[in-house]
Structure formats: structure tokens, C-alpha cells
$ cat data.txt   # compact mmCIF, C-alpha atoms
# COMPACT_ATOMS: atom_id res chain seq x y z
CA MET A 1 179.04 119.60 25.94
CA THR A 2 177.48 116.47 27.34
CA SER A 3 179.77 114.08 29.16
CA SER A 4 178.00 110.81 28.39
CA ILE A 5 179.75 109.43 25.30
CA PRO A 6 178.74 105.97 24.08
CA ALA A 7 181.14 103.41 22.74
CA VAL A 8 180.95 103.36 18.96
CA ASP A 9 180.11 100.13 17.18
CA THR A 10 181.45 100.43 13.63
CA ARG A 11 179.05 97.66 12.57
CA THR A 12 176.11 100.05 12.71
CA ALA A 13 174.38 98.18 9.91
CA GLU A 14 174.84 95.08 7.85
CA GLY A 15 178.00 96.01 5.97
CA SER A 16 177.65 99.73 6.74
CA ALA A 17 180.60 101.83 7.79
CA LEU A 18 178.49 104.59 9.34
CA GLN A 19 179.83 105.51 12.78
CA ALA A 20 177.94 108.69 13.72
CA VAL A 21 175.43 111.27 12.54
CA LEU A 22 176.17 114.95 13.19
CA LEU A 23 173.31 117.42 12.86
CA ASP A 24 173.08 121.17 12.55
CA MET A 25 170.31 122.82 14.58
CA ASP A 26 168.86 126.08 13.19
CA GLY A 27 167.11 125.57 9.86
CA THR A 28 167.96 121.86 9.83
CA LEU A 29 166.06 120.38 12.77
CA VAL A 30 164.12 123.43 13.96
CA ASP A 31 162.42 126.16 11.97
CA THR A 32 164.35 129.05 13.50
CA GLU A 33 166.16 130.80 10.64
CA GLY A 34 163.19 133.14 10.23
CA ILE A 35 163.13 133.78 13.98
CA TRP A 36 166.81 134.77 13.92
CA TRP A 37 166.06 137.21 11.11
CA ASP A 38 163.12 138.65 13.04
CA ALA A 39 165.44 139.15 16.03
CA GLU A 40 168.00 140.93 13.87
CA VAL A 41 165.39 143.14 12.20
CA SER A 42 163.82 144.15 15.50
CA ILE A 43 167.11 144.95 17.23
CA PHE A 44 168.34 147.07 14.34
CA ALA A 45 164.98 148.85 14.14
CA GLU A 46 165.49 149.86 17.77
CA LEU A 47 168.95 151.12 16.78
CA GLY A 48 167.36 153.20 14.03
CA HIS A 49 168.28 151.05 11.04
CA ALA A 50 166.19 149.02 8.58
CA LEU A 51 167.77 145.78 7.37
CA ALA A 52 167.65 145.19 3.62
CA GLU A 53 166.17 141.82 2.65
CA GLU A 54 169.34 140.86 0.76
CA TYR A 55 171.27 140.92 4.04
CA ARG A 56 169.34 137.83 5.08
CA GLN A 57 171.14 135.63 2.60
CA VAL A 58 174.49 136.86 3.93
CA VAL A 59 173.81 136.23 7.62
CA VAL A 60 171.95 132.91 7.35
CA GLY A 61 173.82 130.06 9.02
CA GLY A 62 175.97 132.24 11.24
CA PRO A 63 178.36 132.27 12.97
CA MET A 64 176.93 134.94 15.22
CA SER A 65 180.10 137.05 15.32
CA ARG A 66 180.38 137.13 11.53
CA SER A 67 176.69 137.89 10.99
CA ALA A 68 176.61 140.60 13.64
CA GLN A 69 179.79 142.24 12.34
CA PHE A 70 178.42 142.25 8.81
CA LEU A 71 175.20 143.96 9.94
CA ILE A 72 177.13 146.58 11.91
CA GLU A 73 179.25 147.40 8.87
CA ALA A 74 176.33 147.28 6.44
CA THR A 75 174.15 149.64 8.47
CA GLY A 76 176.76 151.81 10.15
CA ALA A 77 175.11 151.15 13.50
CA GLU A 78 177.05 152.52 16.45
CA ILE A 79 177.19 149.45 18.66
CA ALA A 80 179.99 147.17 19.81
CA LEU A 81 180.04 143.61 18.49
CA ALA A 82 179.86 142.05 21.97
CA GLU A 83 176.87 144.19 22.92
CA LEU A 84 175.06 143.35 19.69
CA THR A 85 175.59 139.60 19.99
CA GLY A 86 174.25 139.74 23.52
CA LEU A 87 171.15 141.64 22.39
CA LEU A 88 170.53 139.24 19.51
CA ASN A 89 170.82 136.16 21.69
CA SER A 90 168.47 137.65 24.27
CA ARG A 91 165.92 138.72 21.66
CA PHE A 92 166.00 135.31 19.99
CA THR A 93 165.35 133.50 23.27
CA GLU A 94 162.47 135.90 23.95
CA LEU A 95 160.95 135.14 20.56
CA ILE A 96 161.15 131.37 21.05
CA ASP A 97 159.62 131.49 24.51
CA GLY A 98 157.90 128.13 24.75
CA SER A 99 158.37 125.39 22.18
CA VAL A 100 160.38 125.72 18.96
CA PRO A 101 158.77 124.34 15.78
CA MET A 102 160.57 121.25 14.50
CA LEU A 103 160.95 120.83 10.76
CA PRO A 104 159.13 118.00 8.95
CA GLY A 105 160.85 114.67 9.46
CA ALA A 106 163.16 115.89 12.25
CA HIS A 107 161.46 114.19 15.19
CA ARG A 108 161.03 110.92 13.29
CA LEU A 109 164.71 110.88 12.27
CA LEU A 110 165.98 111.61 15.78
CA THR A 111 163.73 108.90 17.19
CA GLU A 112 164.96 106.39 14.61
CA LEU A 113 168.63 107.16 15.29
CA ALA A 114 168.06 106.77 19.03
CA ALA A 115 166.15 103.51 18.57
CA HIS A 116 169.12 102.04 16.68
CA SER A 117 171.71 103.46 19.12
CA VAL A 118 173.44 105.50 16.41
CA PRO A 119 175.85 107.98 18.06
CA THR A 120 174.42 111.41 17.31
CA ALA A 121 175.72 114.92 17.94
CA LEU A 122 174.13 118.35 17.67
CA VAL A 123 176.60 120.85 16.18
CA SER A 124 175.53 124.48 15.97
CA ALA A 125 176.98 127.95 15.39
CA SER A 126 174.47 129.21 17.95
CA HIS A 127 175.74 129.98 21.43
CA ARG A 128 175.27 127.55 24.33
CA ARG A 129 172.52 129.61 25.99
CA VAL A 130 170.47 129.42 22.78
CA MET A 131 171.28 125.77 22.11
CA ASP A 132 170.18 124.73 25.59
CA ARG A 133 166.88 126.57 25.12
CA VAL A 134 166.23 124.84 21.78
CA LEU A 135 167.22 121.46 23.23
CA ARG A 136 164.11 121.61 25.40
CA SER A 137 162.09 121.13 22.21
CA LEU A 138 164.49 118.74 20.45
CA GLY A 139 164.94 116.50 23.48
CA PRO A 140 168.49 116.41 24.89
CA GLU A 141 168.20 112.64 25.24
CA HIS A 142 168.53 112.35 21.46
CA PHE A 143 172.15 113.53 21.52
CA ALA A 144 175.23 111.94 23.04
CA LEU A 145 177.14 115.16 22.43
CA THR A 146 176.36 118.83 21.73
CA VAL A 147 178.79 121.46 20.44
CA ALA A 148 177.85 125.17 20.54
CA GLY A 149 179.39 127.96 18.51
CA ASP A 150 180.91 129.72 21.52
CA GLU A 151 182.65 126.52 22.67
CA VAL A 152 185.15 126.36 19.81
CA GLU A 153 187.83 128.87 18.86
CA ARG A 154 186.81 128.69 15.21
CA THR A 155 183.22 127.83 14.38
CA LYS A 156 181.60 127.16 10.99
CA PRO A 157 182.66 127.46 8.16
CA HIS A 158 185.83 126.10 9.76
CA PRO A 159 185.88 122.31 10.26
CA ASP A 160 186.64 122.53 14.00
CA PRO A 161 183.10 121.94 15.36
CA TYR A 162 182.62 118.79 13.28
CA LEU A 163 186.11 117.49 13.99
CA LEU A 164 185.44 118.00 17.72
CA ALA A 165 182.10 116.21 17.51
CA ALA A 166 183.55 113.26 15.59
CA ALA A 167 186.42 112.94 18.06
CA GLY A 168 184.01 113.16 20.99
CA LEU A 169 182.08 110.21 19.57
CA ALA A 170 185.28 108.28 18.78
CA ALA A 171 184.29 108.31 15.12
CA GLU A 172 186.32 108.89 11.97
CA PRO A 173 185.11 112.03 10.14
CA GLY A 174 184.95 110.10 6.87
CA ARG A 175 182.54 107.65 8.47
CA CYS A 176 180.20 110.38 9.76
CA VAL A 177 177.25 111.89 7.93
CA VAL A 178 176.52 115.56 8.56
CA ILE A 179 173.10 117.08 7.90
CA GLU A 180 173.16 120.85 7.20
CA ASP A 181 170.94 123.55 5.72
CA THR A 182 173.40 126.31 4.76
CA ASP A 183 176.48 126.69 2.60
CA THR A 184 178.43 127.78 5.69
CA GLY A 185 177.64 124.52 7.48
CA VAL A 186 178.19 122.40 4.39
CA ARG A 187 181.65 123.89 3.90
CA ALA A 188 182.52 123.19 7.54
CA ALA A 189 181.43 119.56 7.28
CA GLU A 190 183.22 118.99 3.98
CA ALA A 191 186.40 120.59 5.31
CA ALA A 192 186.22 118.10 8.19
CA GLY A 193 186.07 115.23 5.71
CA CYS A 194 182.49 114.17 6.43
CA ARG A 195 179.81 113.02 4.00
CA VAL A 196 177.13 115.71 3.76
CA VAL A 197 173.38 115.77 3.31
CA ALA A 198 172.25 119.32 2.51
CA VAL A 199 168.65 120.35 3.17
CA PRO A 200 168.63 124.00 2.00
CA SER A 201 166.53 126.38 4.09
CA VAL A 202 166.92 129.96 2.85
CA VAL A 203 169.62 129.82 0.15
CA ALA A 204 169.97 127.10 -2.50
CA ILE A 205 172.87 124.64 -2.26
CA GLU A 206 174.24 122.94 -5.35
CA PRO A 207 175.05 119.19 -5.44
CA ALA A 208 178.74 118.25 -5.44
CA ALA A 209 181.01 115.25 -4.93
CA GLY A 210 180.41 113.78 -1.48
CA ARG A 211 177.32 115.96 -1.04
CA THR A 212 173.70 114.95 -1.42
CA VAL A 213 171.09 117.72 -1.72
CA ILE A 214 167.50 116.91 -0.74
CA GLY A 215 164.30 118.87 -0.21
CA SER A 216 163.27 117.76 3.27
CA LEU A 217 164.30 115.59 6.20
CA GLU A 218 161.26 113.50 5.33
CA GLU A 219 163.49 112.02 2.61
CA VAL A 220 166.07 110.87 5.18
CA ASP A 221 166.10 107.68 7.20
CA LEU A 222 168.82 105.51 8.71
CA ASP A 223 169.07 103.19 5.72
CA PHE A 224 169.64 106.19 3.47
CA LEU A 225 172.39 107.56 5.74
CA ARG A 226 174.09 104.16 5.88
CA THR A 227 174.28 103.92 2.10
CA LEU A 228 176.11 107.25 1.88
CA VAL A 229 179.03 105.94 3.92
CA THR A 230 178.96 102.41 2.54
CA ALA A 231 179.34 103.89 -0.92
CA VAL A 232 182.79 105.28 -0.13
CA HIS A 233 184.22 102.66 2.27
$ encode --input "data.txt" --output "C-alpha cells"
Amino acid sequence: MTSSIPAVDTRTAEGSALQAVLLDMDGTLVDTEGIWWDAEVSIFAELGHALAEEYRQVVVGGPMSRSAQFLIEATGAEIALAELTGLLNSRFTELIDGSVPMLPGAHRLLTELAAHSVPTALVSASHRRVMDRVLRSLGPEHFALTVAGDEVERTKPHPDPYLLAAAGLAAEPGRCVVIEDTDTGVRAAEAAGCRVVAVPSVVAIEPAAGRTVIGSLEEVDLDFLRTLVTAVH
């Protein structure tokens, strides 16, 4: 977790109550959900098991321990959970050797948030070793705070990661906007009391109260995020 935490100005915009923006990583900012699946398929192939395509919708969005345990039980593979998570993390980092493809609109949005000094956190179910590798492509300077899945006792879908990020930025959860791509992440953000923008990657997400579903980050800018919080405060 980064140690440089900016003071939060609640007057982020003219009349806006937005205090911080909290962003998921895999499938939201970077196009890595398919890479995670490729890592899982390849590891299980080496273990002598073929992964059914329907498993993909179960494991998308993590957390790693839940996804790995599901795959062990579904395939009957004889491997310990800790060993499997280590293999998956290593294979994923091998597959992303070099730059990680950013999703459309991600770089522009991060640049805009930074230009307007909006406190921003990266909140992922991925482990720190993976997050730090992906941050090379995202640009660590875009985030005042980063929270990895192995740094909290309970990761998504529990609210803990988003509550920790909001507290680290001295922001009220209800005055934060979370951007997520999976139902697991959306449930974590909503349980924390945050407003949510869902950008579905693999599995569809239905609109709901306090939740805005869009097709791409290209539809998101700072003015849009400000209106989401202004509307409820």
C-alpha cells in the first residue's frame, strides 16, 4: 500500500460531493481477465485436467483463493490450494511479460483524475506481486493508494478492501465512486456503501439502485462521476 496519502478536498467540483474514485484492476482498467483464464487453463492442463468453459464465469473476478478452490473441487485435481495459487500467480506474470493492454478509455480517465487532483485508489483481488507488475503499465503515479487481495483478511465480495481504501483516502464511502467489471466487485463496493459504475467484462451485470451499468470506460469522465455523488448528497 502506498504511503503518500493526499489531503481530501470535499469541494472536488462546483457543488459536487465526490471525495474519491476507487478502481478495480483486472477487466476494468486492463484487459487481463482472458489472460487469467489462459493461466488457469494451462496450469490445469499440466495437471491433467481440461477446464470447462462454464467454469470461466464462476472464477471471473476472483478472489484467487475462491477461484482456485473452486477449480480444485470441480476437476478433482490433486494439488494444495497454496501451491495452486502460487502456480497461477507465476503463470499469469509470465504471460503478461512486458506491457499489459489497457482497456479503451482507461488511460484517459486516469490522466483526467490526476489532472484534477482527485484522490484515486486501485483496489484489486489480485495479489500484491501481480498488482505491482500491472502497475508498471497503469502508472503507479496515478494512484494515491493501492490495496491488493492478499493485504486484507477478507477480500471481495466482502466490503473490506473498499472500506480500507476509502479510509486511507480520508473519504466517506458514500462519497466515493467505485468502478468495477464483475458482480463480485460490485457486491463488495455496494456492501461498503459506495456508488458503483459497472463496466461488465465477461458476465453481464444488471442495473440496480445506486448502480450505473455502462458499456465502456470511454463513457466515463470526471463530470459524469461527480454527478453520481451529487445526485445522492
$ closest_atom_pairs --input "data.txt" --of "segment 22-54 of chain A" --to "segment 214-218 of chain A" --cutoff "12 Å" --atoms "only C-alpha atoms" --output "CSV"
residue,atom,partner,partner_atom,distance
A:Leu23,CA,A:Leu217,CA,11.4
A:Gly27,CA,A:Ser216,CA,10.9
A:Thr28,CA,A:Leu217,CA,8.1
A:Leu29,CA,A:Leu217,CA,8.3
A:Val30,CA,A:Leu217,CA,11.0
$ closest_residue --input "data.txt" --among "A:Ala208, A:Val203, A:Ile96, A:Leu138" --to "Glu190 of chain A" --atoms "all atoms listed in the file"
A:Ala208
$ atom_distance --input "data.txt" --atom1 "atom CA of Val213 of chain A" --atom2 "atom CA of Val196 of chain A"
8.4 Å
$ closest_residue --input "data.txt" --among "A:Leu135, A:Ala52, A:Leu110, A:Leu22" --to "Glu172 of chain A" --atoms "only C-alpha atoms"
A:Leu22
$ residues_around --input "data.txt" --residues "segment 36-45 of chain A" --least-positions-apart "2" --cutoff "8 Å" --atoms "only C-alpha atoms" --output "ChimeraX atom specification"
/A:32-34,47-51,56,77,87-88,91-92,95
$ closest_residue --input "data.txt" --among "A:Val197, A:Met64, A:Met102, A:Leu163" --to "Val130 of chain A" --atoms "all atoms listed in the file"
A:Met64
$ residues_near_point --input "data.txt" --point "(180.2, 143.0, 13.5)" --cutoff "10 Å" --atoms "all atoms listed in the file" --output "tab-separated table (two decimals) with C-alpha atoms, keeping the file's coordinate frame"
chain	number	residue	atom	x	y	z
A	64	MET	CA	176.93	134.94	15.22
A	65	SER	CA	180.10	137.05	15.32
A	66	ARG	CA	180.38	137.13	11.53
A	67	SER	CA	176.69	137.89	10.99
A	68	ALA	CA	176.61	140.60	13.64
A	69	GLN	CA	179.79	142.24	12.34
A	70	PHE	CA	178.42	142.25	8.81
A	71	LEU	CA	175.20	143.96	9.94
A	72	ILE	CA	177.13	146.58	11.91
A	73	GLU	CA	179.25	147.40	8.87
A	74	ALA	CA	176.33	147.28	6.44
A	77	ALA	CA	175.11	151.15	13.50
A	79	ILE	CA	177.19	149.45	18.66
A	80	ALA	CA	179.99	147.17	19.81
A	81	LEU	CA	180.04	143.61	18.49
A	82	ALA	CA	179.86	142.05	21.97
A	84	LEU	CA	175.06	143.35	19.69
A	85	THR	CA	175.59	139.60	19.99
$ closest_residue --input "data.txt" --among "A:Asp24, A:Glu180, A:Glu94, A:Glu112" --to "Asp223 of chain A" --atoms "only C-alpha atoms"
A:Glu112
$ atom_distance --input "data.txt" --atom1 "atom CA of Ile35 of chain A" --atom2 "atom CA of Val147 of chain A"
20.9 Å
$ closest_residue --input "data.txt" --among "A:Val199, A:Ala148, A:Ala209, A:Ala20" --to "Gly168 of chain A" --atoms "only C-alpha atoms"
A:Ala20
$ closest_residue --input "data.txt" --among "A:Leu145, A:Ile205, A:Leu228, A:Val123" --to "Leu169 of chain A" --atoms "all atoms listed in the file"
A:Leu145
$ axis_aligned_box --input "data.txt" --around "segment 151-155 of chain A" --padding-each-side "5 Å" --output "JSON"
{"center_x": 185.2, "center_y": 127.6, "center_z": 18.5, "size_x": 15.2, "size_y": 12.5, "size_z": 18.3}
$ atom_distance --input "data.txt" --atom1 "atom CA of Asp132 of chain A" --atom2 "atom CA of Thr155 of chain A"
17.5 Å
$ residues_around --input "data.txt" --residues "Leu113 of chain A" --least-positions-apart "5" --cutoff "10 Å" --atoms "only C-alpha atoms" --output "mmCIF file with C-alpha atoms, keeping the file's coordinate frame"
data_model
loop_
_atom_site.group_PDB
_atom_site.id
_atom_site.type_symbol
_atom_site.label_atom_id
_atom_site.label_comp_id
_atom_site.auth_asym_id
_atom_site.auth_seq_id
_atom_site.Cartn_x
_atom_site.Cartn_y
_atom_site.Cartn_z
ATOM 1 C CA ALA A 20 177.940 108.690 13.720
ATOM 2 C CA VAL A 21 175.430 111.270 12.540
ATOM 3 C CA ARG A 108 161.030 110.920 13.290
ATOM 4 C CA VAL A 118 173.440 105.500 16.410
ATOM 5 C CA PRO A 119 175.850 107.980 18.060
ATOM 6 C CA THR A 120 174.420 111.410 17.310
ATOM 7 C CA HIS A 142 168.530 112.350 21.460
ATOM 8 C CA PHE A 143 172.150 113.530 21.520
ATOM 9 C CA ASP A 221 166.100 107.680 7.200
ATOM 10 C CA LEU A 222 168.820 105.510 8.710
#
